[in-house]
$ cat upload38.txt   # compact mmCIF, N, CA and C atoms and all ligand atoms
# COMPACT_ATOMS: atom_id res chain seq x y z
N MET A 963 -11.66 39.11 58.98
CA MET A 963 -10.99 40.18 59.71
C MET A 963 -11.57 41.53 59.32
N ALA A 964 -12.80 41.52 58.80
CA ALA A 964 -13.40 42.74 58.27
C ALA A 964 -13.62 43.79 59.35
N GLU A 965 -13.77 43.35 60.60
CA GLU A 965 -14.05 44.31 61.68
C GLU A 965 -12.80 44.99 62.21
N ASP A 966 -11.64 44.59 61.70
CA ASP A 966 -10.37 45.11 62.22
C ASP A 966 -10.01 46.42 61.52
N ASN A 967 -9.96 47.50 62.30
CA ASN A 967 -9.73 48.82 61.70
C ASN A 967 -8.32 49.33 61.90
N ARG A 968 -7.39 48.42 62.20
CA ARG A 968 -6.01 48.87 62.35
C ARG A 968 -5.47 49.47 61.05
N ALA A 969 -4.63 50.48 61.17
CA ALA A 969 -4.03 51.13 59.99
C ALA A 969 -3.23 50.11 59.20
N PHE A 970 -3.22 50.27 57.89
CA PHE A 970 -2.49 49.35 57.01
C PHE A 970 -1.02 49.76 56.95
N THR A 971 -0.32 49.47 58.03
CA THR A 971 1.07 49.89 58.17
C THR A 971 1.94 48.71 58.59
N ALA A 972 3.26 48.89 58.44
CA ALA A 972 4.20 47.88 58.89
C ALA A 972 4.08 47.65 60.40
N ALA A 973 3.78 48.70 61.15
CA ALA A 973 3.63 48.53 62.60
C ALA A 973 2.48 47.58 62.92
N SER A 974 1.36 47.72 62.21
CA SER A 974 0.23 46.81 62.43
C SER A 974 0.61 45.39 62.03
N PHE A 975 1.26 45.26 60.89
CA PHE A 975 1.71 43.94 60.40
C PHE A 975 2.61 43.28 61.46
N ASN A 976 3.55 44.04 62.00
CA ASN A 976 4.48 43.49 63.00
C ASN A 976 3.76 43.12 64.29
N ALA A 977 2.75 43.89 64.67
CA ALA A 977 1.99 43.57 65.88
C ALA A 977 1.24 42.25 65.70
N TYR A 978 0.63 42.07 64.54
CA TYR A 978 -0.02 40.78 64.25
C TYR A 978 1.00 39.64 64.37
N LEU A 979 2.17 39.87 63.78
CA LEU A 979 3.19 38.82 63.71
C LEU A 979 3.72 38.45 65.10
N THR A 980 4.07 39.46 65.88
CA THR A 980 4.75 39.19 67.15
C THR A 980 3.79 38.95 68.30
N GLN A 981 2.69 39.67 68.34
CA GLN A 981 1.78 39.55 69.48
C GLN A 981 0.70 38.50 69.27
N GLU A 982 0.16 38.44 68.04
CA GLU A 982 -0.94 37.50 67.79
C GLU A 982 -0.49 36.28 67.02
N LYS A 983 0.79 36.26 66.61
CA LYS A 983 1.35 35.12 65.86
C LYS A 983 0.53 34.81 64.62
N LYS A 984 0.18 35.88 63.90
CA LYS A 984 -0.58 35.73 62.66
C LYS A 984 0.17 36.39 61.51
N LEU A 985 0.15 35.72 60.35
CA LEU A 985 0.69 36.33 59.15
C LEU A 985 -0.49 36.93 58.38
N VAL A 986 -0.48 38.23 58.26
CA VAL A 986 -1.58 38.91 57.59
C VAL A 986 -1.08 39.70 56.39
N GLY A 987 -2.00 40.02 55.53
CA GLY A 987 -1.76 40.92 54.42
C GLY A 987 -3.03 41.72 54.23
N VAL A 988 -3.17 42.29 53.06
CA VAL A 988 -4.38 43.05 52.79
C VAL A 988 -5.08 42.48 51.56
N ARG A 989 -6.40 42.60 51.59
CA ARG A 989 -7.24 42.15 50.48
C ARG A 989 -8.05 43.33 49.99
N CYS A 990 -8.09 43.49 48.67
CA CYS A 990 -8.88 44.57 48.07
C CYS A 990 -10.33 44.11 47.98
N ARG A 991 -11.23 44.88 48.58
CA ARG A 991 -12.64 44.50 48.53
C ARG A 991 -13.24 44.69 47.12
N ALA A 992 -12.59 45.52 46.31
CA ALA A 992 -13.12 45.77 44.96
C ALA A 992 -12.75 44.66 43.99
N CYS A 993 -11.50 44.22 43.99
CA CYS A 993 -11.08 43.25 42.96
C CYS A 993 -10.56 41.94 43.55
N GLY A 994 -10.43 41.87 44.87
CA GLY A 994 -10.04 40.61 45.51
C GLY A 994 -8.56 40.36 45.57
N THR A 995 -7.75 41.25 45.03
CA THR A 995 -6.30 41.05 45.03
C THR A 995 -5.76 41.00 46.46
N LEU A 996 -4.90 40.01 46.70
CA LEU A 996 -4.25 39.86 48.01
C LEU A 996 -2.82 40.36 47.91
N SER A 997 -2.35 40.98 48.98
CA SER A 997 -0.95 41.40 49.02
C SER A 997 -0.42 41.17 50.43
N PRO A 998 0.81 40.64 50.53
CA PRO A 998 1.40 40.49 51.86
C PRO A 998 1.95 41.81 52.40
N GLN A 999 1.98 42.87 51.56
CA GLN A 999 2.45 44.17 52.04
C GLN A 999 1.26 44.97 52.56
N PRO A 1000 1.36 45.48 53.79
CA PRO A 1000 0.25 46.21 54.39
C PRO A 1000 0.13 47.62 53.85
N ARG A 1001 -0.54 47.77 52.73
CA ARG A 1001 -0.69 49.08 52.11
C ARG A 1001 -2.17 49.46 52.06
N PRO A 1002 -2.45 50.76 52.15
CA PRO A 1002 -3.86 51.19 52.14
C PRO A 1002 -4.45 51.27 50.74
N MET A 1003 -3.66 50.95 49.70
CA MET A 1003 -4.15 51.03 48.33
C MET A 1003 -3.82 49.74 47.59
N CYS A 1004 -4.76 49.27 46.78
CA CYS A 1004 -4.57 48.05 45.99
C CYS A 1004 -3.58 48.30 44.86
N HIS A 1005 -2.57 47.42 44.77
CA HIS A 1005 -1.58 47.61 43.71
C HIS A 1005 -2.11 47.20 42.34
N ALA A 1006 -3.24 46.49 42.31
CA ALA A 1006 -3.80 46.05 41.02
C ALA A 1006 -4.77 47.08 40.44
N CYS A 1007 -5.73 47.53 41.25
CA CYS A 1007 -6.77 48.44 40.72
C CYS A 1007 -6.70 49.84 41.31
N HIS A 1008 -5.76 50.04 42.23
CA HIS A 1008 -5.57 51.33 42.90
C HIS A 1008 -6.75 51.74 43.77
N GLY A 1009 -7.64 50.78 44.05
CA GLY A 1009 -8.74 51.05 44.96
C GLY A 1009 -8.23 51.23 46.39
N ARG A 1010 -9.05 51.85 47.22
CA ARG A 1010 -8.65 52.11 48.60
C ARG A 1010 -9.56 51.41 49.62
N ASP A 1011 -10.40 50.51 49.15
CA ASP A 1011 -11.28 49.77 50.07
C ASP A 1011 -10.60 48.44 50.41
N MET A 1012 -9.73 48.49 51.40
CA MET A 1012 -8.91 47.34 51.75
C MET A 1012 -9.36 46.74 53.08
N GLU A 1013 -9.06 45.46 53.28
CA GLU A 1013 -9.31 44.82 54.56
C GLU A 1013 -8.13 43.91 54.88
N TRP A 1014 -7.94 43.64 56.18
CA TRP A 1014 -6.90 42.69 56.58
C TRP A 1014 -7.31 41.29 56.18
N HIS A 1015 -6.30 40.51 55.83
CA HIS A 1015 -6.55 39.11 55.45
C HIS A 1015 -5.51 38.24 56.14
N GLU A 1016 -5.95 37.24 56.87
CA GLU A 1016 -5.00 36.32 57.51
C GLU A 1016 -4.69 35.17 56.55
N PHE A 1017 -3.40 34.98 56.28
CA PHE A 1017 -2.98 33.89 55.40
C PHE A 1017 -2.98 32.58 56.17
N SER A 1018 -3.15 31.49 55.42
CA SER A 1018 -3.26 30.16 56.06
C SER A 1018 -1.94 29.72 56.69
N GLY A 1019 -0.83 30.22 56.17
CA GLY A 1019 0.47 29.78 56.68
C GLY A 1019 1.07 28.63 55.88
N MET A 1020 0.34 28.15 54.87
CA MET A 1020 0.86 27.10 54.00
C MET A 1020 1.55 27.77 52.81
N ALA A 1021 2.72 27.22 52.44
CA ALA A 1021 3.49 27.86 51.37
C ALA A 1021 4.43 26.84 50.74
N ARG A 1022 5.07 27.27 49.67
CA ARG A 1022 6.14 26.48 49.04
C ARG A 1022 7.37 27.36 48.92
N LEU A 1023 8.53 26.70 49.00
CA LEU A 1023 9.79 27.43 48.88
C LEU A 1023 10.06 27.75 47.41
N SER A 1024 10.17 29.02 47.08
CA SER A 1024 10.43 29.42 45.70
C SER A 1024 11.92 29.53 45.42
N THR A 1025 12.63 30.19 46.31
CA THR A 1025 14.07 30.30 46.17
C THR A 1025 14.65 30.60 47.55
N PHE A 1026 15.94 30.37 47.71
CA PHE A 1026 16.52 30.59 49.04
C PHE A 1026 18.02 30.85 48.90
N THR A 1027 18.58 31.33 49.99
CA THR A 1027 20.03 31.44 50.09
C THR A 1027 20.41 31.20 51.54
N CYS A 1028 21.62 30.71 51.73
CA CYS A 1028 22.13 30.48 53.08
C CYS A 1028 23.21 31.52 53.34
N ILE A 1029 23.08 32.23 54.44
CA ILE A 1029 23.91 33.39 54.71
C ILE A 1029 24.89 33.10 55.83
N SER A 1030 26.19 33.29 55.52
CA SER A 1030 27.21 33.08 56.54
C SER A 1030 27.93 34.38 56.92
N ILE A 1031 27.80 35.40 56.05
CA ILE A 1031 28.30 36.73 56.42
C ILE A 1031 27.07 37.48 56.91
N VAL A 1032 26.91 37.55 58.23
CA VAL A 1032 25.62 37.91 58.82
C VAL A 1032 25.61 39.33 59.37
N PRO A 1033 24.43 39.93 59.45
CA PRO A 1033 24.32 41.23 60.12
C PRO A 1033 24.50 41.06 61.63
N VAL A 1034 24.78 42.18 62.30
CA VAL A 1034 25.05 42.16 63.74
C VAL A 1034 23.90 41.50 64.51
N SER A 1035 22.65 41.80 64.09
CA SER A 1035 21.50 41.25 64.82
C SER A 1035 21.50 39.72 64.79
N MET A 1036 21.97 39.12 63.70
CA MET A 1036 22.00 37.66 63.62
C MET A 1036 23.25 37.09 64.28
N SER A 1037 24.34 37.86 64.25
CA SER A 1037 25.56 37.44 64.94
C SER A 1037 25.29 37.27 66.43
N LYS A 1038 24.49 38.16 66.99
CA LYS A 1038 24.16 38.10 68.42
C LYS A 1038 23.38 36.83 68.76
N LYS A 1039 22.74 36.24 67.75
CA LYS A 1039 21.97 35.00 67.98
C LYS A 1039 22.80 33.76 67.69
N GLY A 1040 24.09 33.97 67.37
CA GLY A 1040 24.97 32.82 67.17
C GLY A 1040 25.19 32.41 65.73
N TYR A 1041 24.63 33.19 64.79
CA TYR A 1041 24.84 32.85 63.39
C TYR A 1041 26.13 33.50 62.89
N GLY A 1042 26.75 32.87 61.88
CA GLY A 1042 27.99 33.39 61.32
C GLY A 1042 28.59 32.38 60.37
N ARG A 1043 29.91 32.52 60.15
CA ARG A 1043 30.60 31.67 59.17
C ARG A 1043 30.43 30.18 59.47
N ASP A 1044 30.43 29.80 60.74
CA ASP A 1044 30.32 28.39 61.09
C ASP A 1044 28.87 27.95 61.32
N ASN A 1045 27.96 28.89 61.31
CA ASN A 1045 26.56 28.57 61.57
C ASN A 1045 25.66 29.47 60.72
N PRO A 1046 25.62 29.21 59.39
CA PRO A 1046 24.80 30.06 58.51
C PRO A 1046 23.30 29.89 58.78
N TYR A 1047 22.54 30.85 58.33
CA TYR A 1047 21.08 30.72 58.41
C TYR A 1047 20.50 30.82 57.01
N CYS A 1048 19.27 30.40 56.87
CA CYS A 1048 18.61 30.33 55.57
C CYS A 1048 17.49 31.36 55.49
N THR A 1049 17.44 32.05 54.38
CA THR A 1049 16.35 32.98 54.11
C THR A 1049 15.90 32.74 52.67
N GLY A 1050 14.67 33.08 52.37
CA GLY A 1050 14.20 32.79 51.02
C GLY A 1050 12.95 33.55 50.65
N ILE A 1051 12.45 33.19 49.49
CA ILE A 1051 11.16 33.70 49.01
C ILE A 1051 10.20 32.52 49.03
N VAL A 1052 9.07 32.70 49.70
CA VAL A 1052 8.06 31.65 49.72
C VAL A 1052 6.84 32.11 48.93
N THR A 1053 6.16 31.16 48.30
CA THR A 1053 4.89 31.44 47.63
C THR A 1053 3.78 30.89 48.51
N LEU A 1054 2.98 31.80 49.03
CA LEU A 1054 1.87 31.40 49.89
C LEU A 1054 0.84 30.62 49.08
N GLU A 1055 0.09 29.75 49.74
CA GLU A 1055 -0.90 28.97 48.96
C GLU A 1055 -1.96 29.86 48.34
N GLU A 1056 -2.13 31.07 48.91
CA GLU A 1056 -3.08 32.02 48.33
C GLU A 1056 -2.50 32.74 47.11
N GLY A 1057 -1.21 32.55 46.85
CA GLY A 1057 -0.61 33.13 45.64
C GLY A 1057 0.51 34.13 45.85
N PRO A 1058 0.34 35.11 46.76
CA PRO A 1058 1.41 36.10 46.92
C PRO A 1058 2.72 35.49 47.40
N ARG A 1059 3.79 36.18 47.09
CA ARG A 1059 5.12 35.77 47.54
C ARG A 1059 5.63 36.76 48.57
N LEU A 1060 6.47 36.27 49.47
CA LEU A 1060 7.13 37.17 50.39
C LEU A 1060 8.45 36.58 50.84
N SER A 1061 9.32 37.45 51.33
CA SER A 1061 10.59 36.96 51.84
C SER A 1061 10.39 36.53 53.28
N ALA A 1062 11.12 35.49 53.69
CA ALA A 1062 10.93 34.93 55.02
C ALA A 1062 12.19 34.18 55.45
N ARG A 1063 12.34 34.00 56.75
CA ARG A 1063 13.35 33.08 57.26
C ARG A 1063 12.87 31.67 56.98
N ILE A 1064 13.81 30.77 56.65
CA ILE A 1064 13.49 29.37 56.49
C ILE A 1064 14.20 28.65 57.63
N ILE A 1065 13.42 28.08 58.53
CA ILE A 1065 13.98 27.44 59.72
C ILE A 1065 13.73 25.93 59.65
N GLY A 1066 14.43 25.21 60.50
CA GLY A 1066 14.25 23.76 60.51
C GLY A 1066 14.93 23.08 59.33
N VAL A 1067 15.85 23.77 58.68
CA VAL A 1067 16.64 23.19 57.58
C VAL A 1067 18.12 23.33 57.95
N ASP A 1068 18.96 22.53 57.31
CA ASP A 1068 20.40 22.57 57.60
C ASP A 1068 21.07 23.53 56.61
N ALA A 1069 21.29 24.76 57.07
CA ALA A 1069 21.86 25.79 56.19
C ALA A 1069 23.33 25.49 55.86
N ARG A 1070 23.95 24.54 56.56
CA ARG A 1070 25.32 24.15 56.21
C ARG A 1070 25.33 23.23 54.99
N ASN A 1071 24.19 22.65 54.68
CA ASN A 1071 24.06 21.73 53.55
C ASN A 1071 22.91 22.17 52.63
N PRO A 1072 23.11 23.32 51.96
CA PRO A 1072 22.01 23.86 51.13
C PRO A 1072 21.59 22.92 50.00
N GLN A 1073 22.48 21.99 49.62
CA GLN A 1073 22.10 21.05 48.55
C GLN A 1073 20.93 20.16 48.99
N ASP A 1074 20.69 20.08 50.30
CA ASP A 1074 19.59 19.25 50.79
C ASP A 1074 18.27 20.03 50.92
N ILE A 1075 18.33 21.34 50.68
CA ILE A 1075 17.12 22.16 50.75
C ILE A 1075 16.57 22.28 49.34
N LYS A 1076 15.31 21.93 49.16
CA LYS A 1076 14.75 21.83 47.81
C LYS A 1076 13.72 22.93 47.52
N THR A 1077 13.91 23.64 46.40
CA THR A 1077 12.86 24.57 45.99
C THR A 1077 11.61 23.75 45.66
N GLY A 1078 10.47 24.32 45.95
CA GLY A 1078 9.21 23.63 45.73
C GLY A 1078 8.72 22.88 46.95
N MET A 1079 9.60 22.73 47.96
CA MET A 1079 9.18 21.96 49.14
C MET A 1079 8.05 22.67 49.88
N GLU A 1080 7.19 21.88 50.51
CA GLU A 1080 6.07 22.43 51.26
C GLU A 1080 6.55 22.96 52.59
N LEU A 1081 6.03 24.13 52.95
CA LEU A 1081 6.42 24.80 54.18
C LEU A 1081 5.18 25.18 54.98
N VAL A 1082 5.41 25.39 56.27
CA VAL A 1082 4.34 25.87 57.13
C VAL A 1082 4.88 27.00 58.00
N LEU A 1083 4.04 28.00 58.22
CA LEU A 1083 4.42 29.15 59.04
C LEU A 1083 4.77 28.70 60.46
N ASP A 1084 5.85 29.26 61.01
CA ASP A 1084 6.22 28.96 62.39
C ASP A 1084 6.70 30.26 63.05
N LEU A 1085 5.83 30.85 63.87
CA LEU A 1085 6.16 32.13 64.50
C LEU A 1085 6.52 31.97 65.97
N ALA A 1086 6.84 30.75 66.38
CA ALA A 1086 7.12 30.50 67.81
C ALA A 1086 8.29 31.33 68.31
N GLU A 1087 9.29 31.55 67.45
CA GLU A 1087 10.49 32.26 67.91
C GLU A 1087 10.69 33.58 67.19
N VAL A 1088 9.60 34.18 66.72
CA VAL A 1088 9.73 35.45 66.01
C VAL A 1088 10.29 36.50 66.97
N ASP A 1089 11.26 37.28 66.45
CA ASP A 1089 11.97 38.25 67.26
C ASP A 1089 11.20 39.58 67.26
N PRO A 1090 10.70 40.03 68.42
CA PRO A 1090 9.93 41.27 68.44
C PRO A 1090 10.75 42.49 68.03
N ASP A 1091 12.08 42.42 68.18
CA ASP A 1091 12.92 43.56 67.80
C ASP A 1091 13.23 43.58 66.31
N ASN A 1092 13.05 42.45 65.65
CA ASN A 1092 13.35 42.37 64.21
C ASN A 1092 12.40 41.35 63.59
N PRO A 1093 11.09 41.68 63.58
CA PRO A 1093 10.09 40.68 63.20
C PRO A 1093 10.19 40.28 61.73
N THR A 1094 10.30 39.00 61.50
CA THR A 1094 10.35 38.44 60.16
C THR A 1094 9.53 37.16 60.16
N PRO A 1095 8.65 36.98 59.19
CA PRO A 1095 7.93 35.70 59.12
C PRO A 1095 8.92 34.56 58.95
N ALA A 1096 8.63 33.42 59.56
CA ALA A 1096 9.49 32.24 59.43
C ALA A 1096 8.64 31.04 59.03
N PHE A 1097 9.24 30.21 58.18
CA PHE A 1097 8.57 28.98 57.72
C PHE A 1097 9.50 27.82 57.93
N ARG A 1098 8.93 26.64 58.18
CA ARG A 1098 9.72 25.41 58.29
C ARG A 1098 9.11 24.34 57.40
N PRO A 1099 9.91 23.31 57.08
CA PRO A 1099 9.34 22.23 56.26
C PRO A 1099 8.09 21.64 56.93
N LYS A 1100 7.11 21.31 56.12
CA LYS A 1100 5.85 20.76 56.63
C LYS A 1100 6.06 19.36 57.18
ZN ZN A 1201 -8.08 45.98 43.75
$ encode --input "upload38.txt" --output "structure tokens"
Amino acid sequence: MAEDNRAFTAASFNAYLTQEKKLVGVRCRACGTLSPQPRPMCHACHGRDMEWHEFSGMARLSTFTCISIVPVSMSKKGYGRDNPYCTGIVTLEEGPRLSARIIGVDARNPQDIKTGMELVLDLAEVDPDNPTPAFRPK
């Protein structure tokens, strides 16, 4: 993605996510550090020679929670006390972690959702008004 000169901003990240269905981050050309946050400066070496990096979409579930007291945006989609949703922290196979929706799991039975489980990116239903990466069990 070296030819891509889009600004390293949340707006660019969201456009990749919603329009191109890609999960991207930034890679430091000086030290190779990857970050899922679209920033113009490397958090490791403070260098400013950054490039976009597309993640593979493979990840593992690090931690999660199932939410039944939901924000208005999720209530409008039918989530709530009787229909919780799952969100968590995933560790990408490239190493960085990020927060994401966890879909394709039964949030009413969190005891059946296992940390460490293999996940794959699924952006089929990403909401353009509230873009969040989503992963489902592999
Ligand atoms: Zn760096």
$ select_by_dssp --input "upload38.txt" --residues "chain A" --states "alpha helix (DSSP H)" --output "mmCIF file with N, CA and C atoms, keeping the file's coordinate frame"
data_model
loop_
_atom_site.group_PDB
_atom_site.id
_atom_site.type_symbol
_atom_site.label_atom_id
_atom_site.label_comp_id
_atom_site.auth_asym_id
_atom_site.auth_seq_id
_atom_site.Cartn_x
_atom_site.Cartn_y
_atom_site.Cartn_z
ATOM 1 N N ALA A 972 3.260 48.890 58.440
ATOM 2 C CA ALA A 972 4.200 47.880 58.890
ATOM 3 C C ALA A 972 4.080 47.650 60.400
ATOM 4 N N ALA A 973 3.780 48.700 61.150
ATOM 5 C CA ALA A 973 3.630 48.530 62.600
ATOM 6 C C ALA A 973 2.480 47.580 62.920
ATOM 7 N N SER A 974 1.360 47.720 62.210
ATOM 8 C CA SER A 974 0.230 46.810 62.430
ATOM 9 C C SER A 974 0.610 45.390 62.030
ATOM 10 N N PHE A 975 1.260 45.260 60.890
ATOM 11 C CA PHE A 975 1.710 43.940 60.400
ATOM 12 C C PHE A 975 2.610 43.280 61.460
ATOM 13 N N ASN A 976 3.550 44.040 62.000
ATOM 14 C CA ASN A 976 4.480 43.490 63.000
ATOM 15 C C ASN A 976 3.760 43.120 64.290
ATOM 16 N N ALA A 977 2.750 43.890 64.670
ATOM 17 C CA ALA A 977 1.990 43.570 65.880
ATOM 18 C C ALA A 977 1.240 42.250 65.700
ATOM 19 N N TYR A 978 0.630 42.070 64.540
ATOM 20 C CA TYR A 978 -0.020 40.780 64.250
ATOM 21 C C TYR A 978 1.000 39.640 64.370
ATOM 22 N N LEU A 979 2.170 39.870 63.780
ATOM 23 C CA LEU A 979 3.190 38.820 63.710
ATOM 24 C C LEU A 979 3.720 38.450 65.100
ATOM 25 N N THR A 980 4.070 39.460 65.880
ATOM 26 C CA THR A 980 4.750 39.190 67.150
ATOM 27 C C THR A 980 3.790 38.950 68.300
ATOM 28 N N GLN A 981 2.690 39.670 68.340
ATOM 29 C CA GLN A 981 1.780 39.550 69.480
ATOM 30 C C GLN A 981 0.700 38.500 69.270
ATOM 31 N N VAL A 1034 24.780 42.180 62.300
ATOM 32 C CA VAL A 1034 25.050 42.160 63.740
ATOM 33 C C VAL A 1034 23.900 41.500 64.510
ATOM 34 N N SER A 1035 22.650 41.800 64.090
ATOM 35 C CA SER A 1035 21.500 41.250 64.820
ATOM 36 C C SER A 1035 21.500 39.720 64.790
ATOM 37 N N MET A 1036 21.970 39.120 63.700
ATOM 38 C CA MET A 1036 22.000 37.660 63.620
ATOM 39 C C MET A 1036 23.250 37.090 64.280
ATOM 40 N N SER A 1037 24.340 37.860 64.250
ATOM 41 C CA SER A 1037 25.560 37.440 64.940
ATOM 42 C C SER A 1037 25.290 37.270 66.430
#
$ closest_residue --input "upload38.txt" --among "A:Leu1023, A:Cys993, A:Leu985, A:Val1082" --to "ligand ZN 1201 (chain A)" --atoms "only N, CA and C atoms and all ligand atoms"
A:Cys993
$ residues_around --input "upload38.txt" --residues "Glu1087 in chain A" --least-positions-apart "6" --cutoff "10 Å" --atoms "only C-alpha atoms" --output "tab-separated table (two decimals) with N, CA and C atoms, in the frame of the given file"
chain	number	residue	atom	x	y	z
A	980	THR	N	4.07	39.46	65.88
A	980	THR	CA	4.75	39.19	67.15
A	980	THR	C	3.79	38.95	68.30
A	983	LYS	N	0.79	36.26	66.61
A	983	LYS	CA	1.35	35.12	65.86
A	983	LYS	C	0.53	34.81	64.62
A	1093	PRO	N	11.09	41.68	63.58
A	1093	PRO	CA	10.09	40.68	63.20
A	1093	PRO	C	10.19	40.28	61.73
A	1094	THR	N	10.30	39.00	61.50
A	1094	THR	CA	10.35	38.44	60.16
A	1094	THR	C	9.53	37.16	60.16
A	1095	PRO	N	8.65	36.98	59.19
A	1095	PRO	CA	7.93	35.70	59.12
A	1095	PRO	C	8.92	34.56	58.95
A	1096	ALA	N	8.63	33.42	59.56
A	1096	ALA	CA	9.49	32.24	59.43
A	1096	ALA	C	8.64	31.04	59.03
$ closest_atom_pairs --input "upload38.txt" --of "chain A" --to "ligand ZN 1201 (chain A)" --cutoff "8 Å" --atoms "all atoms listed in the file" --output "tab-separated table"
residue	atom	partner	partner_atom	distance
A:Arg989	C	A:ZN1201	ZN	6.8
A:Cys990	CA	A:ZN1201	ZN	4.6
A:Arg991	N	A:ZN1201	ZN	5.9
A:Ala992	C	A:ZN1201	ZN	4.9
A:Cys993	N	A:ZN1201	ZN	3.9
A:Gly994	N	A:ZN1201	ZN	4.9
A:Thr995	N	A:ZN1201	ZN	4.9
A:Leu996	N	A:ZN1201	ZN	7.4
A:Met1003	C	A:ZN1201	ZN	6.9
A:Cys1004	CA	A:ZN1201	ZN	4.7
A:His1005	N	A:ZN1201	ZN	5.8
A:Ala1006	C	A:ZN1201	ZN	4.8
A:Cys1007	N	A:ZN1201	ZN	3.8
A:His1008	N	A:ZN1201	ZN	4.9
A:Gly1009	N	A:ZN1201	ZN	4.8
A:Arg1010	N	A:ZN1201	ZN	6.9
A:Asp1011	N	A:ZN1201	ZN	7.4
$ select_by_dssp --input "upload38.txt" --residues "chain A" --states "strand (DSSP E or B)" --output "ChimeraX atom specification"
/A:986-990,996-997,1012-1016,1020-1029,1042,1045,1047-1054,1059-1064,1080-1083,1096-1099
$ closest_residue --input "upload38.txt" --among "A:Ser1024, A:Ser974, A:Gln999, A:Ser1030" --to "Pro1046 in chain A" --atoms "all atoms listed in the file"
A:Ser1030
$ closest_residue --input "upload38.txt" --among "A:Arg1070, A:Lys1076, A:Arg1001, A:Lys984" --to "Ala969 in chain A" --atoms "only C-alpha atoms"
A:Arg1001
$ residues_near_point --input "upload38.txt" --point "(9.1, 33.3, 52.6)" --cutoff "8 Å" --atoms "only C-alpha atoms" --output "VMD selection string"
chain A and resid 1021 1023 1049 to 1054 1059 to 1064 1095 to 1097
$ decode --input "upload38.txt" --residues "range 1022-1059 of chain A" --atoms "C-alpha atoms" --output "PDB file, in the first residue's frame"
ATOM      1  CA  ARG A1022      -7.337 -14.318  18.326  1.00  0.00           C
ATOM      2  CA  LEU A1023      -9.776 -13.238  20.999  1.00  0.00           C
ATOM      3  CA  SER A1024      -7.856 -11.712  23.914  1.00  0.00           C
ATOM      4  CA  THR A1025     -10.726 -10.604  26.107  1.00  0.00           C
ATOM      5  CA  PHE A1026     -14.392  -9.768  25.696  1.00  0.00           C
ATOM      6  CA  THR A1027     -17.548  -8.606  27.362  1.00  0.00           C
ATOM      7  CA  CYS A1028     -21.210  -9.005  26.529  1.00  0.00           C
ATOM      8  CA  ILE A1029     -23.205  -5.801  26.771  1.00  0.00           C
ATOM      9  CA  SER A1030     -26.891  -5.680  27.640  1.00  0.00           C
ATOM     10  CA  ILE A1031     -27.108  -2.041  28.758  1.00  0.00           C
ATOM     11  CA  VAL A1032     -26.575  -0.645  25.282  1.00  0.00           C
ATOM     12  CA  PRO A1033     -26.036   2.768  23.713  1.00  0.00           C
ATOM     13  CA  VAL A1034     -28.854   4.263  21.632  1.00  0.00           C
ATOM     14  CA  SER A1035     -27.095   3.363  18.370  1.00  0.00           C
ATOM     15  CA  MET A1036     -27.148  -0.343  19.300  1.00  0.00           C
ATOM     16  CA  SER A1037     -30.671  -0.193  20.724  1.00  0.00           C
ATOM     17  CA  LYS A1038     -31.872   0.919  17.290  1.00  0.00           C
ATOM     18  CA  LYS A1039     -30.395  -2.311  15.887  1.00  0.00           C
ATOM     19  CA  GLY A1040     -32.357  -4.443  18.333  1.00  0.00           C
ATOM     20  CA  TYR A1041     -29.737  -4.986  21.015  1.00  0.00           C
ATOM     21  CA  GLY A1042     -30.597  -4.617  24.701  1.00  0.00           C
ATOM     22  CA  ARG A1043     -31.321  -6.518  27.907  1.00  0.00           C
ATOM     23  CA  ASP A1044     -32.838  -9.480  26.053  1.00  0.00           C
ATOM     24  CA  ASN A1045     -30.369  -9.404  23.172  1.00  0.00           C
ATOM     25  CA  PRO A1046     -26.849  -8.479  24.332  1.00  0.00           C
ATOM     26  CA  TYR A1047     -23.956  -8.020  21.940  1.00  0.00           C
ATOM     27  CA  CYS A1048     -20.306  -8.949  22.306  1.00  0.00           C
ATOM     28  CA  THR A1049     -17.314  -6.661  22.050  1.00  0.00           C
ATOM     29  CA  GLY A1050     -13.713  -7.413  22.841  1.00  0.00           C
ATOM     30  CA  ILE A1051     -10.014  -6.955  22.321  1.00  0.00           C
ATOM     31  CA  VAL A1052      -8.486  -9.023  19.543  1.00  0.00           C
ATOM     32  CA  THR A1053      -4.807  -9.694  18.907  1.00  0.00           C
ATOM     33  CA  LEU A1054      -4.093  -9.536  15.201  1.00  0.00           C
ATOM     34  CA  GLU A1055      -1.781 -12.205  13.815  1.00  0.00           C
ATOM     35  CA  GLU A1056       0.662  -9.388  13.040  1.00  0.00           C
ATOM     36  CA  GLY A1057       0.789  -8.579  16.765  1.00  0.00           C
ATOM     37  CA  PRO A1058      -1.137  -5.359  17.430  1.00  0.00           C
ATOM     38  CA  ARG A1059      -4.322  -5.415  19.472  1.00  0.00           C
TER      39      ARG A1059
END
